[in-house]
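Below: the structure, in structure tokens.
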Amino acid sequence: MNNGIGRYVCQLQRITLSFCKSHADSRGMRDFIENHLLDFTKANPGVVVYLKPRRHRKPRIMAQYLNGYTESVPLPNHRADEICKWVDLMKTRSGVKVVRLRKMWHTDNPSIQGLWHPFLNKDTSLNIKTFPDKEHYKFEQNEKSATDSLLEKMKTVKLSSEID
Amino acid sequence: MAHNRVLQWSTMARTWWLFDAQHQCAFRSASMLIKYLQGKHKPIYHPLSDVGDHVVVINTADVAMREDYWRKFKYFHHTRYPGGFSVTSAWRLHELDPTKVLHKAIYSRLPGNLLRPNMMRRLHLYPNENVPTEILANVSDQIQQIQPIPKRLDQYTEEELASFPKVFDWPEDHVRDPGQTKRKR
């Protein structure tokens with residue numbers, strides 16, 4: 001179940017086989033079209049197959065995927081069974097471009113506590129809060145200001161004067 | 001495992017923060033906000049990966065500066081033509097565009113690499129509290145303010161003012177208004 005979360009969806013949408021009708025380097029591609037192509041189309045009704053004969057051009061396959069990526073593979077002087085393997089590879093790919101991984105990341109002990117995400121250990125009251133919130137994000141003052149301490153002192157003075 | 005894939009998406013997801021710049025020092029809040037724009041508050045931070053968050057700043061028209069920095073702090077510009085040099089005071093720039101002071105403060109504090117333009121695009125500055133609803137709908141958390149908002153004289157009630165402790169009363173003929181000092185441009 002690597003592809004998608006639920007059922008399998010073939011990511012290959014269209015495949016174009018371009019070849020030359022007379023050139024020798026298209027021989028394998030012509031063999032593939034004669035002998036194996038109908039089996040492929042019957043097995044994969046969801047994939048659109050185009051045949052594109054072009055004079056004196058080298059054979060190649062163009063695969064277009066659901067995510068919009070197009071992969072082109074030139075296959076001159078390849079045998080039909082090799083082309084079968086290439087077409088199968090194009091069919092089973094996810095459509096993500098093959099890029100060079102600069103660093104190898106691997107662990108035999110994957111994290112037990114799970115991956116971090118932005119809402120980890122966040123207060124659940126945030127879910128129903130409306131922003132901007134004027135009350136709860138003010139600067140927290142640990143020390144009393146001079147005004148506050150003066151007012152407090154005056155209170156004690158007033159109280160003591162009342163007692164007297 | 002399909003569940004793991006969804007967890008990975010949420011790990012790399014960008015969240016939106018809100019900051020109320022009401023009476024907050026423009027320079028100190030800029031130094032604090034670049035942490036969120038760069039994603040340095042996340043445990044997955046790496047300088048090569050673009051993991052910064054969006055920051056929405058409201059009330060930028062009411063940012064504060066210490067001492068008389070509104071008058072003293074200058075913005076320099078040269079058009080590279082002869083005589084193209086110009087100096088603008090902070091208060092003048094703030095008059096022209098009330099979001100510009102914070103914008104420039106944050107821009108100058110971000111690292112000067114190729115990620116900077118994209119990080120600046122994730123900064124949304126608004127002079128008051130009128131933020132488009134589609135922007136405000138994304139906000140999931142707020143950033144705490146960095147300095148207390150002082151209470152103005154007109155925010156005290158008359159009772160509080162009357163009962164405020166004082167050592168003596170001013171005589172009736174005492175002139176308490178020093179008059180308008182000459183404004184330096």
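Here, A, B, ... name the chains of the structure tokens in the order displayed, residue numbers run from 1 inside each chain, and ligands are numbered from 1 in the same displayed order.
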
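Residues in contact with Gln8 of chain B at 9 Å, where only C-alpha atoms are counted and same-chain residues fewer than 5 positions away are skipped, are listed as A:Leu115, A:Trp116, A:His117, B:His3, B:Ala13.
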
Write the selection just made, keeping N, CA, C and O atoms, as a JSON list (two decimals), in the first residue's frame?
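The result, written out as selection-v9.json:
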```json
[["chain", "number", "residue", "atom", "x", "y", "z"],
["A", 115, "LEU", "N", 7.37, 11.03, 14.94],
["A", 115, "LEU", "CA", 7.90, 12.21, 14.26],
["A", 115, "LEU", "C", 7.40, 13.48, 14.94],
["A", 115, "LEU", "O", 6.30, 13.52, 15.49],
["A", 116, "TRP", "N", 8.22, 14.53, 14.84],
["A", 116, "TRP", "CA", 7.76, 15.84, 15.33],
["A", 116, "TRP", "C", 6.82, 16.44, 14.30],
["A", 116, "TRP", "O", 6.99, 16.25, 13.09],
["A", 117, "HIS", "N", 5.82, 17.15, 14.75],
["A", 117, "HIS", "CA", 4.99, 17.94, 13.84],
["A", 117, "HIS", "C", 4.58, 19.22, 14.55],
["A", 117, "HIS", "O", 4.69, 19.33, 15.78],
["B", 3, "HIS", "N", 0.28, 5.58, 7.22],
["B", 3, "HIS", "CA", 0.13, 6.54, 8.32],
["B", 3, "HIS", "C", 1.39, 7.39, 8.47],
["B", 3, "HIS", "O", 1.32, 8.59, 8.73],
["B", 13, "ALA", "N", 4.85, 20.70, 7.14],
["B", 13, "ALA", "CA", 3.83, 21.72, 6.86],
["B", 13, "ALA", "C", 4.24, 23.06, 7.45],
["B", 13, "ALA", "O", 4.86, 23.13, 8.51]]
```

Near segment 164-177 of chain B, 12 Å: segment 114-150 of chain A residue rows, closest pairs, only C-alpha atoms, as JSON lines:
```
{"residue": "A:Thr147", "atom": "CA", "partner": "B:Phe164", "partner_atom": "CA", "distance": 9.8}
{"residue": "A:Asp148", "atom": "CA", "partner": "B:Phe164", "partner_atom": "CA", "distance": 11.0}
{"residue": "A:Ser149", "atom": "CA", "partner": "B:Pro165", "partner_atom": "CA", "distance": 11.7}
{"residue": "A:Leu150", "atom": "CA", "partner": "B:Pro165", "partner_atom": "CA", "distance": 8.1}
```

Show me, as a PDB file with C-alpha atoms, in the first residue's frame, the residues of chain A whose atoms get within 12 Å of chain B, using only C-alpha atoms for the distance check.
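Heads up, here's the output in part_33.pdb:
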```pdb
ATOM      1  CA  MET A   1       0.000   0.000   0.000  1.00  0.00           C
ATOM      2  CA  ASN A   2       2.826   2.404  -0.772  1.00  0.00           C
ATOM      3  CA  ASN A   3       0.899   3.992  -3.603  1.00  0.00           C
ATOM      4  CA  GLY A   4      -1.715   6.317  -2.132  1.00  0.00           C
ATOM      5  CA  ILE A   5      -3.334   5.578   1.205  1.00  0.00           C
ATOM      6  CA  GLY A   6      -6.233   3.362   0.108  1.00  0.00           C
ATOM      7  CA  ARG A   7      -6.352   1.471  -3.176  1.00  0.00           C
ATOM      8  CA  ARG A 102      23.064  13.843  -1.451  1.00  0.00           C
ATOM      9  CA  PRO A 110      13.263   4.267  14.030  1.00  0.00           C
ATOM     10  CA  SER A 111      12.025   6.771  16.590  1.00  0.00           C
ATOM     11  CA  GLY A 114       7.253   9.363  16.646  1.00  0.00           C
ATOM     12  CA  LEU A 115       7.902  12.208  14.264  1.00  0.00           C
ATOM     13  CA  TRP A 116       7.764  15.839  15.326  1.00  0.00           C
ATOM     14  CA  HIS A 117       4.993  17.936  13.842  1.00  0.00           C
ATOM     15  CA  PRO A 118       3.972  21.589  14.397  1.00  0.00           C
ATOM     16  CA  PHE A 119       1.043  20.717  16.656  1.00  0.00           C
ATOM     17  CA  LEU A 120       2.963  18.405  18.969  1.00  0.00           C
ATOM     18  CA  LYS A 122       0.442  22.373  21.742  1.00  0.00           C
ATOM     19  CA  ASP A 123      -2.417  23.421  23.984  1.00  0.00           C
ATOM     20  CA  THR A 124      -5.703  22.030  22.637  1.00  0.00           C
ATOM     21  CA  SER A 125      -7.493  25.272  23.517  1.00  0.00           C
ATOM     22  CA  LEU A 126      -5.777  26.755  20.420  1.00  0.00           C
ATOM     23  CA  ASN A 127      -8.221  24.780  18.276  1.00  0.00           C
ATOM     24  CA  ILE A 128     -11.197  26.921  19.246  1.00  0.00           C
ATOM     25  CA  LYS A 129      -9.367  30.210  19.773  1.00  0.00           C
ATOM     26  CA  THR A 130     -10.001  33.182  17.494  1.00  0.00           C
ATOM     27  CA  PHE A 131      -7.081  35.384  16.520  1.00  0.00           C
ATOM     28  CA  PRO A 132      -5.928  38.049  17.251  1.00  0.00           C
ATOM     29  CA  ASP A 133      -6.137  37.278  20.958  1.00  0.00           C
ATOM     30  CA  LYS A 134      -5.529  40.440  23.001  1.00  0.00           C
ATOM     31  CA  GLU A 135      -5.397  38.865  26.443  1.00  0.00           C
ATOM     32  CA  HIS A 136      -3.128  35.827  26.519  1.00  0.00           C
ATOM     33  CA  TYR A 137      -0.098  36.890  24.490  1.00  0.00           C
ATOM     34  CA  LYS A 138       0.920  40.022  26.392  1.00  0.00           C
ATOM     35  CA  PHE A 139       4.409  40.406  27.799  1.00  0.00           C
ATOM     36  CA  GLU A 140       4.661  38.707  31.170  1.00  0.00           C
ATOM     37  CA  GLN A 141       6.140  41.028  33.741  1.00  0.00           C
ATOM     38  CA  ASN A 142       7.900  39.305  36.612  1.00  0.00           C
ATOM     39  CA  GLU A 143       8.962  42.461  38.437  1.00  0.00           C
ATOM     40  CA  LYS A 144       6.609  45.107  39.721  1.00  0.00           C
ATOM     41  CA  SER A 145       6.812  48.483  37.990  1.00  0.00           C
ATOM     42  CA  THR A 147       4.097  52.855  39.621  1.00  0.00           C
ATOM     43  CA  ASP A 148       2.680  49.610  40.999  1.00  0.00           C
ATOM     44  CA  SER A 149       5.033  49.536  43.987  1.00  0.00           C
ATOM     45  CA  LEU A 150       4.251  53.213  44.702  1.00  0.00           C
ATOM     46  CA  LEU A 151       0.502  52.580  44.605  1.00  0.00           C
ATOM     47  CA  GLU A 152       0.905  49.554  46.892  1.00  0.00           C
ATOM     48  CA  LYS A 153       2.957  51.567  49.361  1.00  0.00           C
ATOM     49  CA  MET A 154       0.303  54.281  49.371  1.00  0.00           C
ATOM     50  CA  LYS A 155      -2.356  51.670  50.142  1.00  0.00           C
ATOM     51  CA  VAL A 157       0.057  54.138  54.300  1.00  0.00           C
ATOM     52  CA  LYS A 158      -3.681  54.830  53.915  1.00  0.00           C
TER      53      LYS A 158
END
```

As a ChimeraX atom specification, list the residues of chain B assigned to helix (DSSP H, G or I) by DSSP on the backbone atoms of this structure.
/B:2-12,26-38,60-62,69-72,90-96,100-109,116-121,133-136,153-155,158-163

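Distances here use only C-alpha atoms; by that measure, the residue among B:Glu159, B:Asp62, B:Asp50, B:Asp68 closest to Asn113 of chain B is B:Asp50.
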
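Around Gly28 of chain A, within 6 Å and counting only C-alpha atoms, the residues found are Asp31, His78, Arg79 and Ala80 of chain A, once anything fewer than 3 positions away on its own chain is removed.
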
Among segment 15-159 of chain A, which residues does DSSP mark as strand (DSSP E or B) when it is run on the backbone? Keep the chain and numbering as in the structure and answer as a VMD selection string.
chain A and resid 15 to 19 48 to 53 60 to 65 70 to 74

Just to be explicit: take each residue in the selection above, keep C-alpha atoms, and write the result as an mmCIF file, in the first residue's frame.
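Output file out34.cif follows:
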```
data_model
loop_
_atom_site.group_PDB
_atom_site.id
_atom_site.type_symbol
_atom_site.label_atom_id
_atom_site.label_comp_id
_atom_site.auth_asym_id
_atom_site.auth_seq_id
_atom_site.Cartn_x
_atom_site.Cartn_y
_atom_site.Cartn_z
ATOM 1 C CA ILE A 15 2.703 6.417 -22.980
ATOM 2 C CA THR A 16 3.955 7.382 -26.435
ATOM 3 C CA LEU A 17 6.109 4.994 -28.480
ATOM 4 C CA SER A 18 7.898 6.849 -31.233
ATOM 5 C CA PHE A 19 9.882 4.882 -33.791
ATOM 6 C CA VAL A 48 -3.482 5.646 -23.101
ATOM 7 C CA VAL A 49 -0.981 4.381 -25.674
ATOM 8 C CA TYR A 50 0.075 6.457 -28.654
ATOM 9 C CA LEU A 51 2.179 5.221 -31.575
ATOM 10 C CA LYS A 52 4.184 7.902 -33.302
ATOM 11 C CA PRO A 53 6.059 6.787 -36.432
ATOM 12 C CA ARG A 60 11.965 6.375 -27.619
ATOM 13 C CA ILE A 61 9.157 6.103 -25.111
ATOM 14 C CA MET A 62 7.496 9.116 -23.478
ATOM 15 C CA ALA A 63 5.633 8.401 -20.256
ATOM 16 C CA GLN A 64 3.274 10.981 -18.757
ATOM 17 C CA TYR A 65 2.238 10.653 -15.122
ATOM 18 C CA THR A 70 6.955 13.463 -18.269
ATOM 19 C CA GLU A 71 9.768 10.979 -18.589
ATOM 20 C CA SER A 72 11.462 10.347 -21.928
ATOM 21 C CA VAL A 73 13.680 7.331 -22.560
ATOM 22 C CA PRO A 74 15.519 6.971 -25.883
#
```
